[in-house]
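Structure data (compact mmCIF, N, CA and C atoms) from run_8.txt:
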# COMPACT_ATOMS: atom_id res chain seq x y z
N MET W 1 0.84 -1.19 0.00
CA MET W 1 0.00 0.00 0.00
C MET W 1 0.88 1.25 0.00
N LEU W 2 0.42 2.27 -0.68
CA LEU W 2 1.11 3.56 -0.72
C LEU W 2 0.32 4.59 0.08
N ASN W 3 1.01 5.56 0.57
CA ASN W 3 0.37 6.66 1.29
C ASN W 3 0.44 7.89 0.40
N ARG W 4 -0.71 8.42 0.01
CA ARG W 4 -0.79 9.60 -0.86
C ARG W 4 -1.69 10.64 -0.21
N THR W 5 -1.55 11.88 -0.64
CA THR W 5 -2.38 12.97 -0.14
C THR W 5 -3.14 13.57 -1.32
N TYR W 6 -4.44 13.67 -1.17
CA TYR W 6 -5.29 14.31 -2.18
C TYR W 6 -6.15 15.35 -1.48
N ILE W 7 -6.44 16.44 -2.14
CA ILE W 7 -7.29 17.49 -1.57
C ILE W 7 -8.74 17.13 -1.85
N LEU W 8 -9.52 17.01 -0.78
CA LEU W 8 -10.94 16.66 -0.87
C LEU W 8 -11.76 17.72 -0.17
N THR W 9 -13.02 17.83 -0.56
CA THR W 9 -13.90 18.77 0.13
C THR W 9 -14.26 18.21 1.51
N GLN W 10 -14.63 19.10 2.41
CA GLN W 10 -15.03 18.68 3.75
C GLN W 10 -16.25 17.77 3.66
N GLU W 11 -17.15 18.03 2.72
CA GLU W 11 -18.34 17.20 2.56
C GLU W 11 -17.97 15.75 2.21
N VAL W 12 -17.03 15.58 1.29
CA VAL W 12 -16.61 14.23 0.90
C VAL W 12 -15.95 13.52 2.07
N VAL W 13 -15.09 14.21 2.79
CA VAL W 13 -14.42 13.61 3.95
C VAL W 13 -15.45 13.18 4.99
N SER W 14 -16.42 14.03 5.25
CA SER W 14 -17.47 13.70 6.22
C SER W 14 -18.28 12.49 5.77
N ARG W 15 -18.60 12.44 4.49
CA ARG W 15 -19.37 11.30 3.96
C ARG W 15 -18.58 10.00 4.07
N VAL W 16 -17.29 10.06 3.76
CA VAL W 16 -16.43 8.88 3.90
C VAL W 16 -16.40 8.45 5.36
N ASP W 17 -16.19 9.40 6.26
CA ASP W 17 -16.12 9.08 7.69
C ASP W 17 -17.41 8.42 8.17
N MET W 18 -18.56 9.00 7.79
CA MET W 18 -19.84 8.46 8.24
C MET W 18 -20.11 7.07 7.68
N LEU W 19 -19.82 6.87 6.38
CA LEU W 19 -20.07 5.56 5.78
C LEU W 19 -19.11 4.51 6.33
N ALA W 20 -17.87 4.87 6.52
CA ALA W 20 -16.90 3.93 7.08
C ALA W 20 -17.32 3.52 8.49
N LEU W 21 -17.76 4.46 9.28
CA LEU W 21 -18.23 4.16 10.63
C LEU W 21 -19.43 3.23 10.59
N ARG W 22 -20.38 3.54 9.71
CA ARG W 22 -21.60 2.72 9.60
C ARG W 22 -21.28 1.31 9.15
N LEU W 23 -20.29 1.15 8.27
CA LEU W 23 -19.94 -0.17 7.75
C LEU W 23 -18.88 -0.89 8.60
N GLY W 24 -18.32 -0.18 9.57
CA GLY W 24 -17.29 -0.77 10.41
C GLY W 24 -15.98 -0.98 9.68
N LEU W 25 -15.67 -0.07 8.76
CA LEU W 25 -14.45 -0.16 7.95
C LEU W 25 -13.50 0.99 8.29
N ARG W 26 -12.22 0.78 7.99
CA ARG W 26 -11.28 1.90 8.05
C ARG W 26 -11.56 2.81 6.86
N GLN W 27 -11.38 4.11 7.05
CA GLN W 27 -11.62 5.06 5.96
C GLN W 27 -10.74 4.73 4.75
N SER W 28 -9.50 4.36 4.98
CA SER W 28 -8.59 4.06 3.87
C SER W 28 -9.09 2.88 3.05
N ASP W 29 -9.60 1.86 3.72
CA ASP W 29 -10.12 0.70 2.99
C ASP W 29 -11.34 1.07 2.16
N LEU W 30 -12.23 1.88 2.73
CA LEU W 30 -13.42 2.31 2.00
C LEU W 30 -13.04 3.18 0.81
N VAL W 31 -12.15 4.14 1.02
CA VAL W 31 -11.74 5.03 -0.07
C VAL W 31 -11.06 4.23 -1.18
N ASN W 32 -10.21 3.28 -0.82
CA ASN W 32 -9.54 2.45 -1.82
C ASN W 32 -10.57 1.68 -2.65
N PHE W 33 -11.55 1.09 -1.99
CA PHE W 33 -12.60 0.34 -2.70
C PHE W 33 -13.41 1.26 -3.61
N LEU W 34 -13.89 2.37 -3.07
CA LEU W 34 -14.73 3.27 -3.86
C LEU W 34 -13.97 3.88 -5.03
N LEU W 35 -12.73 4.26 -4.81
CA LEU W 35 -11.94 4.85 -5.89
C LEU W 35 -11.64 3.83 -6.97
N ALA W 36 -11.30 2.60 -6.57
CA ALA W 36 -11.05 1.55 -7.56
C ALA W 36 -12.29 1.28 -8.40
N GLU W 37 -13.46 1.24 -7.76
CA GLU W 37 -14.71 1.01 -8.48
C GLU W 37 -15.00 2.16 -9.45
N ALA W 38 -14.83 3.39 -8.98
CA ALA W 38 -15.09 4.56 -9.84
C ALA W 38 -14.11 4.60 -11.01
N LEU W 39 -12.85 4.26 -10.77
CA LEU W 39 -11.86 4.24 -11.85
C LEU W 39 -12.21 3.18 -12.89
N SER W 40 -12.62 2.01 -12.44
CA SER W 40 -13.02 0.96 -13.37
C SER W 40 -14.19 1.40 -14.23
N GLN W 41 -15.16 2.05 -13.60
CA GLN W 41 -16.32 2.54 -14.35
C GLN W 41 -15.93 3.63 -15.33
N ALA W 42 -15.06 4.55 -14.91
CA ALA W 42 -14.62 5.63 -15.81
C ALA W 42 -13.82 5.06 -16.98
N GLU W 43 -12.95 4.10 -16.70
CA GLU W 43 -12.13 3.50 -17.76
C GLU W 43 -12.98 2.71 -18.75
N SER W 44 -14.08 2.13 -18.28
CA SER W 44 -14.94 1.35 -19.18
C SER W 44 -15.97 2.21 -19.90
N GLY W 45 -16.07 3.47 -19.51
CA GLY W 45 -17.05 4.36 -20.13
C GLY W 45 -18.39 4.36 -19.42
N ALA W 46 -18.53 3.57 -18.36
CA ALA W 46 -19.80 3.52 -17.63
C ALA W 46 -20.01 4.75 -16.76
N LEU W 47 -18.95 5.46 -16.46
CA LEU W 47 -19.02 6.68 -15.65
C LEU W 47 -18.39 7.80 -16.44
N ALA W 48 -19.16 8.82 -16.73
CA ALA W 48 -18.63 9.98 -17.46
C ALA W 48 -18.08 10.98 -16.45
N VAL W 49 -16.86 11.44 -16.69
CA VAL W 49 -16.25 12.44 -15.84
C VAL W 49 -16.47 13.79 -16.50
N PRO W 50 -17.28 14.66 -15.88
CA PRO W 50 -17.61 15.95 -16.52
C PRO W 50 -16.44 16.92 -16.42
N ILE W 51 -15.83 17.21 -17.56
CA ILE W 51 -14.72 18.16 -17.59
C ILE W 51 -15.11 19.37 -18.41
N ARG W 52 -14.47 20.49 -18.08
CA ARG W 52 -14.68 21.71 -18.86
C ARG W 52 -13.71 21.70 -20.03
N PRO W 53 -14.18 22.02 -21.22
CA PRO W 53 -13.29 22.05 -22.37
C PRO W 53 -12.11 23.01 -22.16
N LYS W 54 -10.92 22.54 -22.54
CA LYS W 54 -9.68 23.31 -22.52
C LYS W 54 -9.19 23.68 -21.12
N VAL W 55 -9.94 23.39 -20.08
CA VAL W 55 -9.53 23.74 -18.72
C VAL W 55 -9.08 22.49 -17.99
N PHE W 56 -9.66 21.35 -18.33
CA PHE W 56 -9.36 20.09 -17.71
C PHE W 56 -9.56 20.13 -16.19
N ALA W 57 -10.71 20.65 -15.81
CA ALA W 57 -11.12 20.67 -14.40
C ALA W 57 -12.47 19.99 -14.29
N ILE W 58 -12.77 19.42 -13.14
CA ILE W 58 -14.07 18.80 -12.92
C ILE W 58 -15.13 19.89 -12.93
N ASP W 59 -16.17 19.69 -13.69
CA ASP W 59 -17.30 20.60 -13.73
C ASP W 59 -18.35 20.11 -12.74
N ALA W 60 -18.28 20.61 -11.51
CA ALA W 60 -19.15 20.15 -10.43
C ALA W 60 -20.62 20.41 -10.71
N SER W 61 -20.94 21.34 -11.58
CA SER W 61 -22.34 21.62 -11.87
C SER W 61 -23.00 20.50 -12.64
N GLN W 62 -22.19 19.61 -13.27
CA GLN W 62 -22.73 18.49 -14.04
C GLN W 62 -22.63 17.16 -13.29
N ALA W 63 -21.95 17.15 -12.16
CA ALA W 63 -21.76 15.91 -11.41
C ALA W 63 -23.07 15.48 -10.76
N ALA W 64 -23.22 14.17 -10.60
CA ALA W 64 -24.45 13.63 -10.01
C ALA W 64 -24.51 13.90 -8.54
Please lay out the structure from this file as structure tokens.
Amino acid sequence: MLNRTYILTQEVVSRVDMLALRLGLRQSDLVNFLLAEALSQAESGALAVPIRPKVFAIDASQAA
């Protein structure tokens, strides 16, 4: 396992904390699982990542 730092919103951190607590999991294990699933979906085309043209930033107004 590697240790990395990513900047997340407080809302996402709180949601991870609450779900991990509810499921009885470590936050790192939950984040690893959720991120791997999301990456697989994005790579297969099942999950569209909304980006702004020419800016290459996440367009939060289009996110689910």
Next item on the list: Identify which of the residues W:Met1, W:Ala46, W:Ile7, W:Val13 lies closest to Asp29 (chain W), counting only C-alpha atoms when measuring atom-to-atom distances.
Entry: W:Met1
Item checked: Point-to-point distance in Å for atom N of Arg4 (chain W) and atom N of Arg26 (chain W) ->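 Result for atom N of Arg26 (chain W) versus atom N of Arg4 (chain W): 16.0 Å, one decimal.
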Checklist line | Between atom N of Gln62 (chain W) and atom N of Val49 (chain W) - distance in Å to one decimal | finding: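 Atom N of Gln62 (chain W) lies at a distance of 10.3 Å from atom N of Val49 (chain W).
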Note to self: DSSP on the backbone: which residues in chain W end up as alpha helix (DSSP H)? Give the answer as an MDAnalysis selection string.
What the structure shows: chainID W and resid 10:23 27:44
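Nearest residue to Gln27 (chain W), choosing from W:Ala60, W:Val12, W:Ile51, W:Leu39 and counting only C-alpha atoms: W:Val12.
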